[in-house]
Every structure is written in C-alpha cells, then in structure tokens.
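Please read the structure below before turning to the comments.
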Amino acid sequence: MIQHQLLAGKRGVVFGALDEQSIAWHVASQCVAEGARITLTNAPVAMRFGTIQKLGEQLNAEVISADATSMDDLKTLFEKSVEILGGPLDFVLHSIGMSLNVRKGKTYTDINHEWMLKTLDISAISFHKMMQVLYQTDAMAEGGSILALTYIAAQRVFPDYSEMADAKALLESFARSFGYHFGVKKHVRVNTLSQSPTRTTAGSGVKGFDDFFSYADAMAPLGNASAEDCARYCAALFSDYTKAVTMQNLFHDGGFSSMGINPAVMSKG
Ligand SMILES: NC(=O)c1ccc[n+]([C@@H]2O[C@H](COP(=O)([O-])OP(=O)(O)OC[C@H]3O[C@@H](n4cnc5c(N)ncnc54)[C@H](O)[C@@H]3O)[C@@H](O)[C@H]2O)c1
C-alpha cells in the first residue's frame, strides 16, 4: 500500500465498511496507513452480518453501531467519536447505499413508493442528517473534509440502476447546498466522488452488474478505477492538499465520463 503520512494527526469517521470488498473498508485502511485515527460505523444489522469488527481490530479503531437515518444515533456516534479521538473531526466518509426496490427486483416503472422513501432516506437524506448533526454540534474541525460516494447514473441513464439514480442525484445536490453553509462556517469542504463500478455487496446487487462493469472497463481509457484507487483519492481529498476543493462532484472513473465512443467497445459488438 502506498503511504505518505498525508493524514498524520487527523481524526475521522468512516461509514459503510461491511466486509473486505466494501469501498469504505479500503478507505479506512488507507486513511489509517496515512497516519489518521478513526472510528468505524455501520448499521446495527451490518454488525451482525458483516466483518467490520475484524477491521476495527486491524486498524485499532472503535466500532460504533449507528443507523444513518436516525438523528439520535448520529448524535451519539459523533459525540463518542470526538471523545474517543480526542478532538473535533477532520474528515468523514459517507459510503452508504441501499434500495429495497432494486433488492426485491421491482422495476423502475413499477416502483413501491414506500420503499422508495426508505431508499432516499438511507442513500441520500442520511448525508444531510449527518451533516446537520456535525454542523449543529460543531463536531468538525476548521478546514475539515466531508465526502460521499456516488455514481454517474445521477447524470446519465443506466436503466437497471433504477431509483438509486434519483437517490444519487439528491445526494450530489446535498453536497453543493450544505457545502456552502459548511464553507462559510468553518472552511469545511463537502464533495461527492463518483466511482467506477466496483465489485461489492451493494454494487453486485444491481441487475446486469457484470455487463456494465465490463462495458465501463472497456470504455474508459484507464479502465475502471478500483476500490484501492478510490481509497487513495479519498485520502487525498481528506488531506491538506485539496483545501480549496468543495461543492464538486468529482469523477473517479478512468475517464469513462468524458467518453463518447471507444473503438475497443465497438469492436466487441
Ligand atoms: N460498488 C459500486 O459499483 C459503486 C459505484 C459507485 C458508487 N458506489 C457507492 O459506494 C458506496 C459504498 O458501497 P459499496 O459498493 O462499498 O457497497 P457495500 O454494500 O459494501 O456498502 C454499502 C454500505 O451501506 C451500509 N448501510 C446500509 N443501510 C445503512 C443504514 N441505514 N445506516 C448505516 N449504514 C447503512 C451497509 O451496511 C454497507 O456497509 C455506496 O454509496 C454506493 O452507492 C458504489
């Protein structure tokens, strides 16, 4: 693992490490290798089914259970994290996504709207809730960095991504809107990182995942960005080398988002 002590002395909270495949698992490991001290968090159900405790032991990081849709859980989580880490937070990663409609095979034209509300709450509104708690409790350090992971289906149509596309569009909007308030208050940066398809529990849950993984890989001149690549980019965005980057949706996709056509894909047809 490449490491440069980019985050020496920094404190952070990482949401969403479920197992070794999770993007957040890689980000947490990279941040600690770069000198940060962190707490890890996930939903109570993930504590039972995932392997987050193992990561906590590896990284010497406290694992705190919190449902990211619960304001009370979020308040307790950030309060405990500031106490354990010994001061305000320099960075926070939101790496959370879940769609009941996708999971249960409901198509976009036959959505269960009760489930859709749940999807929006878990996958997008939790980002606003998290930032509101951090803002109101003054838990972020001056010049800190907040980041959420997103996907290009917020801008372009990927039919099988279904309602998650709408959740991601909302998530990216929250980064801009809250980024203004956090910038003015404490020079805190808020961005979204738009990642290539990556083989994880959430990723592989999308119908046809293998096909659009291969398509994106062939289309992008650099190929798909891996979870390890993503972890290094996150570390850079949490570091002092990106102090003036805020309210952006940053594509991390090997160039996929700028492509129109690639002969490598055409010749496959
Ligand atoms: N895998 C991909 O292809 C890909 C591509 C672009 C963006 N992303 C995004 O990356 C992020 C992480 O996903 P991943 O691919 O690592 O999959 P993952 O399944 O490992 O991570 C999703 C996480 O969300 C957590 N979660 C679900 N409900 C929660 C709740 N109520 N409270 C707290 N946590 C909750 C899960 O426990 C899990 O840890 C997601 O936002 C996803 O949309 C993934």
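Scheme for the structure tokens: letters A, B, ... for chains in order shown; per-chain residue numbers from 1; ligand numbers from 1 in order shown.
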
With only C-alpha atoms and all ligand atoms counted, collect every polymer residue having an atom within 7 Å of ligand 1; state the result as a PyMOL selection string.
chain A and resi 15-19+21-24+42-43+46+66-69+95-98+122-123+148-151+194-204

Output file for the selection above: C-alpha atoms, as a CSV table (one decimal), in the first residue's frame:
chain,number,residue,atom,x,y,z
A,15,PHE,CA,-19.3,4.9,7.5
A,16,GLY,CA,-20.1,1.8,5.4
A,17,ALA,CA,-17.4,-0.8,5.8
A,18,LEU,CA,-19.4,-4.1,5.7
A,19,ASP,CA,-16.8,-6.6,4.5
A,21,GLN,CA,-15.0,-5.8,-0.6
A,22,SER,CA,-16.6,-2.6,0.7
A,23,ILE,CA,-15.1,0.6,-0.7
A,24,ALA,CA,-15.2,2.0,2.8
A,42,ASN,CA,-22.3,0.9,10.3
A,43,ALA,CA,-26.0,0.0,10.7
A,46,ALA,CA,-24.4,-4.9,9.4
A,66,ALA,CA,-25.5,3.7,14.2
A,67,ASP,CA,-28.4,3.7,11.8
A,68,ALA,CA,-27.5,6.6,9.5
A,69,THR,CA,-31.2,7.5,9.2
A,95,SER,CA,-20.3,5.3,1.9
A,96,ILE,CA,-23.9,4.1,2.2
A,97,GLY,CA,-26.4,2.9,-0.3
A,98,MET,CA,-29.4,0.6,-0.3
A,122,ILE,CA,-30.9,5.6,3.6
A,123,SER,CA,-28.9,6.5,0.5
A,148,ALA,CA,-19.9,10.9,-0.1
A,149,LEU,CA,-19.6,8.2,-2.7
A,150,THR,CA,-21.8,8.4,-5.8
A,151,TYR,CA,-22.3,7.0,-9.3
A,194,SER,CA,-18.3,9.4,-8.5
A,195,GLN,CA,-16.7,6.0,-8.6
A,196,SER,CA,-16.4,3.4,-11.4
A,197,PRO,CA,-18.5,0.2,-11.0
A,198,THR,CA,-16.8,-1.8,-8.2
A,199,ARG,CA,-17.4,-5.4,-7.1
A,200,THR,CA,-19.0,-5.1,-3.7
A,201,THR,CA,-22.2,-6.2,-1.9
A,202,ALA,CA,-24.1,-3.1,-3.0
A,203,GLY,CA,-22.6,-2.9,-6.5
A,204,SER,CA,-23.2,-6.6,-7.4

Mind checking which residues fall within 10 Å of Arg156 in chain A, counting only C-alpha atoms, ignoring those fewer than 3 positions away in the same chain, and posting them as a count of residues only?
6

Measuring atom to atom with only C-alpha atoms, identify which of A:Leu93, A:Gln5, A:Arg48, A:Ala61 is nearest to Ala231 in chain A.
A:Leu93

Residues within 10 Å of Met131 in chain A, please, as a ChimeraX atom specification. Count only C-alpha atoms; anything in the same chain fewer than 3 positions from it doesn't count.
/A:74,92,125-128,134-137,139-140,146,174-175,178-179,182,190

Grab the residues selected above and save them as a tab-separated table (two decimals), in the first residue's frame with N, CA and C atoms.
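Below you can see again_0.tsv, which holds the result:
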chain	number	residue	atom	x	y	z
A	74	LEU	N	-26.92	9.27	15.17
A	74	LEU	CA	-25.84	10.09	14.60
A	74	LEU	C	-25.25	11.02	15.67
A	92	VAL	N	-14.91	12.98	7.29
A	92	VAL	CA	-16.00	12.00	7.43
A	92	VAL	C	-16.29	11.42	6.04
A	125	ILE	N	-30.73	11.13	2.15
A	125	ILE	CA	-31.07	12.06	3.24
A	125	ILE	C	-30.17	11.83	4.46
A	126	SER	N	-29.68	10.59	4.61
A	126	SER	CA	-28.73	10.31	5.70
A	126	SER	C	-27.51	11.22	5.60
A	127	PHE	N	-27.15	11.61	4.39
A	127	PHE	CA	-25.99	12.51	4.19
A	127	PHE	C	-26.32	13.90	4.76
A	128	HIS	N	-27.54	14.37	4.48
A	128	HIS	CA	-27.95	15.66	5.03
A	128	HIS	C	-28.04	15.58	6.56
A	134	LEU	N	-23.34	17.24	12.45
A	134	LEU	CA	-21.95	17.74	12.54
A	134	LEU	C	-21.93	19.27	12.64
A	135	TYR	N	-22.82	19.91	11.87
A	135	TYR	CA	-22.88	21.38	11.82
A	135	TYR	C	-23.38	21.94	13.15
A	136	GLN	N	-24.49	21.35	13.62
A	136	GLN	CA	-25.13	21.91	14.83
A	136	GLN	C	-24.33	21.63	16.09
A	137	THR	N	-23.58	20.51	16.11
A	137	THR	CA	-22.82	20.19	17.32
A	137	THR	C	-21.38	20.69	17.22
A	139	ALA	N	-18.95	19.62	15.47
A	139	ALA	CA	-18.03	18.49	15.63
A	139	ALA	C	-16.93	18.45	14.58
A	140	MET	N	-17.02	19.31	13.53
A	140	MET	CA	-15.96	19.31	12.50
A	140	MET	C	-14.87	20.31	12.88
A	146	ILE	N	-15.59	16.57	4.09
A	146	ILE	CA	-16.69	15.59	4.14
A	146	ILE	C	-16.91	15.08	2.72
A	174	PHE	N	-27.13	17.66	-2.18
A	174	PHE	CA	-26.86	17.99	-0.77
A	174	PHE	C	-25.41	18.44	-0.57
A	175	ALA	N	-24.49	17.84	-1.34
A	175	ALA	CA	-23.07	18.23	-1.19
A	175	ALA	C	-22.89	19.69	-1.57
A	178	PHE	N	-25.11	21.99	1.18
A	178	PHE	CA	-24.52	22.04	2.52
A	178	PHE	C	-23.09	22.54	2.45
A	179	GLY	N	-22.43	22.29	1.31
A	179	GLY	CA	-21.05	22.75	1.14
A	179	GLY	C	-20.94	24.26	1.32
A	182	PHE	N	-21.26	24.96	5.20
A	182	PHE	CA	-20.09	24.48	5.95
A	182	PHE	C	-18.84	25.27	5.58
A	190	VAL	N	-17.11	20.01	1.21
A	190	VAL	CA	-18.07	18.91	1.03
A	190	VAL	C	-18.10	18.54	-0.45

Go through range 36-246 of chain A and collect every residue that DSSP, computed from the backbone, puts in helix (DSSP H, G or I); the answer should be as an NGL selection string.
:A and (44-49 or 52-59 or 71-85 or 100-103 or 108-110 or 113-136 or 152-154 or 159-161 or 164-186 or 201-204 or 209-219 or 227-238 or 240-242)

Nearest-residue call for Glu20 in chain A, choices A:Met116, A:Lys186, A:Ala244, A:Glu228, using only C-alpha atoms
A:Glu228
